[in-house]
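Enquirer: Below is one structure. I have some questions about it.
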Amino acid sequence: MLQSANTPRDHLLVYINGERHDVAGADAFLTLSDFLRLRLGLVGTKIVCSEGDCGACSVLVGRVEESQDKLVYRAVDSCILFMYQLDRAHVVSIEGLKRNGLLSPVQDAMVKCHGSQCGFCTPGFVMTMAGLLEAEGSGRKDSLMPNELRSGLTGNLCRCTGYVQIVDAGCAVDPGKTARLGELYPDGPIVELFGSHAQDDVVVTADDGRVAGLPAGLDAAIAFKAAHPGCIVVAGATDIGVQYNKGMIDPREVLCLGSIGEMQGTTQVDGVLTVGASTNWSIVERAIKDVVPQFHDVLKVFGSSQIRNAGTIGGNIANASPIADSVPFLFVMGAELEIAGPNGTRRLDINDFYKGYKQFDLRHDELIARVRIPLPNESQTLRLYKVSRRRDLDISTFTAAVLMELDDASETIKNIRIAYGGVAPVVLRLPRTEAFLTDKPLDESVLREAGRLARTEVTPITDVRGSADFRLQLAENILAKFYFDCAQTVSVG
């Protein structure tokens with residue numbers, strides 16, 4: 001059981017379109033989209049791909065974030081979000097935008113600009129655009145811009161109308177005449193109620209024996225994991241939700257980390273950015289924008305906004321994918337993982353974390369609590385690369401990170417770190433290539449020779465995203481690209 005001075009609460013406290021719902025038993029294990037449609041009859045939320053790729057199921061979820069005293073609403077894919085992730089959250093579906101019998105300004109604009117045909121995608125587009133307006137706060141005066149809309153709508157697909165009319169609809173909305181959700185559903189009473197339950201441990205059990213633990217603190221989470229060594233750990237569920245929908249898994253025991261304040265948020269002290277492992281990528285994106293613009297550019301195409309609003313940095317690390325977009329950057333920066341267990345916290349260089357495909361240095365009773373990321377200094381040059389079939393909402397074929405420091409006196413490479421993804425069962429550092437480049441001049445011929453050496457340190461496979469030969473060529477060519485990128489910003493030769 002969870003360690004708590006009080007008896008754990010046996011139900012979830014969720015608001016949906018302003019109405020309170022105490023969700024218990026098997027309903028806690030439904031996806032949000034199924035709960036909306038099957039339990040509440042709110043069928044405006046559509047289900048198409050069940051993978052979080054099409055955005056038809058988009059809804060807005062409001063939570064109290066960091067030190068704010070109001071609900072912050074973000075668009076998420078409800079098909080891959082479970083009810084047990086929504087304790088102390090307010091969900092607004094497409095039905096919740098219409099008030100007093102009138103369409104919301106976004107809905108009205110979609111009608112007037114002919115932004116809908118078959119209608120399956122339309123609710124998702126409306127909710128995502130409403131989320132874009134919410135993100136700017138109540139003081140926004142200017143209309144959404146086309147580029148802003150096209151970027152914000154990358155997680156929404158339309159197969160018949162096309163994007164022109166939909167973007168026109170978004171541009172036509174007058175923010176000054178659009179009521180924010182905090183006005184439609186006043187924050188005060190909901191936030192006050194959520195705050196009074198912020199320290200609750202929650203354990204929900206279904207009649208068939210399934211159990212979901214939602215601890216309020218890290219110690220309680222560790223105790224639950226130790227007591228349930230086979231449990232599935234859930235933060236954003238952007239991967240687990242897909243596996244569940246495709247019939248690949250149906251967890252009997254779940255540890256949900258979304259209520260643990262110690263695992264949320266970011267701080268920057270003395271050149272180190274510390275990120276709670278359950279912090280979603282949208283928050284990380286904002287924290288990193290000015291301090292590491294190269295990584296921010298990667299995060300902008302890390303899934304869609306709906307995925308970034310749910311997926312977490314800890315989940316990306318613990319998923320142990322060889323093509324995880326964040327890991328090459330974390331490798332070359334020498335990020336440290338703070339791993340918490342019954343005997344306290346230990347720190348581990350992420351370069352030592354992975355032991356093989358989907359294998360890592362984490363005991364059954366441990367959790368990744370935080371990630372400490374040293375930030376690049378002025379003497380270092382960082383470049384990050386992602387190769388995929390399309391720019392937006394795509395899984396990487398190949399990723400790379402290079403961090404270099406030049407010796408000012410000799411104009412040679414003082415030290416260099418290189419990490420590749422998509423070329424082995426795990427993300428790799430290239431020690432032989434790094435050693436070859438150390439003390440060498442930053443010269444095209446040197447980098448091309450290093451690229452040929454890099455080919456010998458990787459063992460790519462052929463899959464649907466690319467052939468082994470293609471990845472080998474990328475492993476070689478990317479170092480030449482690094483040279484040319486540097487030649488534009490660093491004095492070379």
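Here, A, B, ... name the chains of the structure tokens in the order displayed, residue numbers run from 1 inside each chain, and ligands are numbered from 1 in the same displayed order.
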Could you list, as an NGL selection string, every residue within 10 Å of Asp270 of chain A, counting only C-alpha atoms and ignoring same-chain residues fewer than 3 positions away?
Expert: :A and (273 or 374-375)
Enquirer: Work out how far apart atom CA of Asn156 of chain A and atom CA of Ser116 of chain A are and give it in Å to one decimal.
Expert: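 Result for atom CA of Asn156 of chain A versus atom CA of Ser116 of chain A: 13.0 Å, one decimal.
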Enquirer: Between A:Ile461, A:Leu453, A:Ala235, A:Val211, which one has atoms that come closest to Asp250 of chain A, using only C-alpha atoms?
Expert: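 Checking each of A:Ile461, A:Leu453, A:Ala235, A:Val211 against Asp250 of chain A, counting only C-alpha atoms, the winner is A:Val211.
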Enquirer: Would you kindly return, as a list in words, each protein, DNA or RNA residue with an atom no farther than 7 Å from any atom of Gly44 of chain A, considering only C-alpha atoms and excluding same-chain residues fewer than 6 positions away?
Expert: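 After dropping sequence-adjacent residues, the list is Ile94, Glu95 and Pro123 of chain A.
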Enquirer: Run DSSP on the backbone and grab whatever in segment 40-164 of chain A lands in helix (DSSP H, G or I); send it over as a PyMOL selection string.
Expert: chain A and resi 78-80+83-85+94-97+105-112+122-135+146-152+163-164
Enquirer: Next, the residues of the selection above should be written as a CSV table (one decimal), in the first residue's frame with N, CA and C atoms.
Expert:
```
chain,number,residue,atom,x,y,z
A,78,SER,N,-6.9,12.6,-26.4
A,78,SER,CA,-7.7,11.8,-25.4
A,78,SER,C,-7.7,10.3,-25.6
A,79,CYS,N,-7.3,9.9,-26.8
A,79,CYS,CA,-7.3,8.5,-27.1
A,79,CYS,C,-6.2,7.7,-26.4
A,80,ILE,N,-5.1,8.4,-26.1
A,80,ILE,CA,-4.0,7.7,-25.5
A,80,ILE,C,-3.7,8.3,-24.1
A,83,MET,N,-7.9,7.7,-17.7
A,83,MET,CA,-8.6,8.4,-16.7
A,83,MET,C,-7.7,8.5,-15.4
A,84,TYR,N,-6.9,7.5,-15.1
A,84,TYR,CA,-6.1,7.6,-13.9
A,84,TYR,C,-5.1,8.6,-13.9
A,85,GLN,N,-4.8,9.2,-15.1
A,85,GLN,CA,-3.9,10.3,-15.2
A,85,GLN,C,-4.5,11.7,-14.9
A,94,ILE,N,-15.3,19.2,-26.9
A,94,ILE,CA,-15.9,20.1,-27.9
A,94,ILE,C,-17.3,20.6,-27.4
A,95,GLU,N,-18.0,19.7,-26.7
A,95,GLU,CA,-19.3,20.1,-26.2
A,95,GLU,C,-19.2,21.3,-25.2
A,96,GLY,N,-18.1,21.3,-24.5
A,96,GLY,CA,-17.9,22.3,-23.4
A,96,GLY,C,-17.6,23.7,-23.9
A,97,LEU,N,-17.3,23.9,-25.2
A,97,LEU,CA,-17.0,25.2,-25.8
A,97,LEU,C,-18.3,26.0,-26.1
A,105,PRO,N,-16.6,31.2,-30.8
A,105,PRO,CA,-16.0,31.9,-31.9
A,105,PRO,C,-15.2,31.0,-32.8
A,106,VAL,N,-14.5,30.1,-32.3
A,106,VAL,CA,-13.7,29.1,-33.1
A,106,VAL,C,-14.6,28.3,-33.9
A,107,GLN,N,-15.6,27.7,-33.3
A,107,GLN,CA,-16.6,26.9,-34.0
A,107,GLN,C,-17.3,27.7,-35.1
A,108,ASP,N,-17.7,28.9,-34.8
A,108,ASP,CA,-18.4,29.7,-35.7
A,108,ASP,C,-17.5,30.0,-36.9
A,109,ALA,N,-16.2,30.3,-36.7
A,109,ALA,CA,-15.3,30.6,-37.8
A,109,ALA,C,-15.1,29.4,-38.7
A,110,MET,N,-15.1,28.2,-38.1
A,110,MET,CA,-15.0,27.0,-38.9
A,110,MET,C,-16.2,26.8,-39.9
A,111,VAL,N,-17.4,27.2,-39.4
A,111,VAL,CA,-18.6,27.1,-40.2
A,111,VAL,C,-18.5,28.1,-41.3
A,112,LYS,N,-18.2,29.4,-41.0
A,112,LYS,CA,-18.3,30.5,-41.9
A,112,LYS,C,-17.2,30.4,-43.0
A,122,THR,N,-12.8,17.7,-37.5
A,122,THR,CA,-13.2,19.1,-37.1
A,122,THR,C,-13.2,19.4,-35.6
A,123,PRO,N,-13.7,18.5,-34.7
A,123,PRO,CA,-13.6,18.8,-33.3
A,123,PRO,C,-12.2,18.9,-32.8
A,124,GLY,N,-11.3,18.1,-33.3
A,124,GLY,CA,-9.9,18.2,-32.9
A,124,GLY,C,-9.3,19.5,-33.3
A,125,PHE,N,-9.5,20.0,-34.5
A,125,PHE,CA,-9.0,21.2,-35.0
A,125,PHE,C,-9.5,22.4,-34.1
A,126,VAL,N,-10.8,22.3,-33.8
A,126,VAL,CA,-11.4,23.4,-33.0
A,126,VAL,C,-10.8,23.4,-31.6
A,127,MET,N,-10.6,22.2,-31.0
A,127,MET,CA,-10.0,22.2,-29.6
A,127,MET,C,-8.6,22.7,-29.6
A,128,THR,N,-7.8,22.3,-30.7
A,128,THR,CA,-6.4,22.7,-30.7
A,128,THR,C,-6.3,24.2,-30.9
A,129,MET,N,-7.2,24.8,-31.8
A,129,MET,CA,-7.1,26.2,-32.0
A,129,MET,C,-7.6,26.9,-30.7
A,130,ALA,N,-8.6,26.4,-30.0
A,130,ALA,CA,-9.0,27.0,-28.7
A,130,ALA,C,-7.8,26.9,-27.7
A,131,GLY,N,-7.0,25.8,-27.8
A,131,GLY,CA,-5.9,25.7,-26.9
A,131,GLY,C,-4.8,26.8,-27.3
A,132,LEU,N,-4.6,27.1,-28.6
A,132,LEU,CA,-3.7,28.1,-29.0
A,132,LEU,C,-4.1,29.4,-28.4
A,133,LEU,N,-5.3,29.7,-28.4
A,133,LEU,CA,-5.8,31.0,-27.8
A,133,LEU,C,-5.6,31.0,-26.3
A,134,GLU,N,-5.9,29.9,-25.7
A,134,GLU,CA,-5.7,29.8,-24.2
A,134,GLU,C,-4.2,30.0,-23.8
A,135,ALA,N,-3.3,29.5,-24.7
A,135,ALA,CA,-1.9,29.5,-24.3
A,135,ALA,C,-1.4,30.9,-24.2
A,146,PRO,N,-1.0,32.8,-39.6
A,146,PRO,CA,-1.0,31.5,-40.4
A,146,PRO,C,0.1,30.6,-40.0
A,147,ASN,N,1.4,31.1,-39.9
A,147,ASN,CA,2.5,30.2,-39.5
A,147,ASN,C,2.3,29.6,-38.1
A,148,GLU,N,1.7,30.4,-37.2
A,148,GLU,CA,1.5,30.0,-35.8
A,148,GLU,C,0.4,28.8,-35.9
A,149,LEU,N,-0.6,29.0,-36.7
A,149,LEU,CA,-1.6,28.0,-36.8
A,149,LEU,C,-1.0,26.7,-37.4
A,150,ARG,N,-0.3,26.8,-38.5
A,150,ARG,CA,0.3,25.6,-39.2
A,150,ARG,C,1.2,24.9,-38.2
A,151,SER,N,2.0,25.6,-37.4
A,151,SER,CA,2.8,24.9,-36.5
A,151,SER,C,2.0,24.3,-35.4
A,152,GLY,N,1.0,25.0,-34.8
A,152,GLY,CA,0.2,24.5,-33.7
A,152,GLY,C,-0.7,23.3,-34.1
A,163,TYR,N,-6.0,22.4,-45.6
A,163,TYR,CA,-5.7,23.3,-44.5
A,163,TYR,C,-6.0,24.7,-44.8
A,164,VAL,N,-6.3,25.1,-46.0
A,164,VAL,CA,-6.4,26.5,-46.3
A,164,VAL,C,-7.6,27.1,-45.6
```
Enquirer: Would you list, as a ChimeraX atom specification, the residues of segment 306-384 of chain A that end up in strand (DSSP E) under DSSP run on this structure's backbone?
Expert: /A:336-341,344-349,354-356,359-360,367-374,380-384
Enquirer: Could you check the closest approach to Glu253 of chain A for each of A:Thr205, A:Ser326, A:Gln294, A:Asn17 and tell me which residue wins, using only C-alpha atoms?
Expert: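 Smallest distance to Glu253 of chain A is found for A:Thr205.
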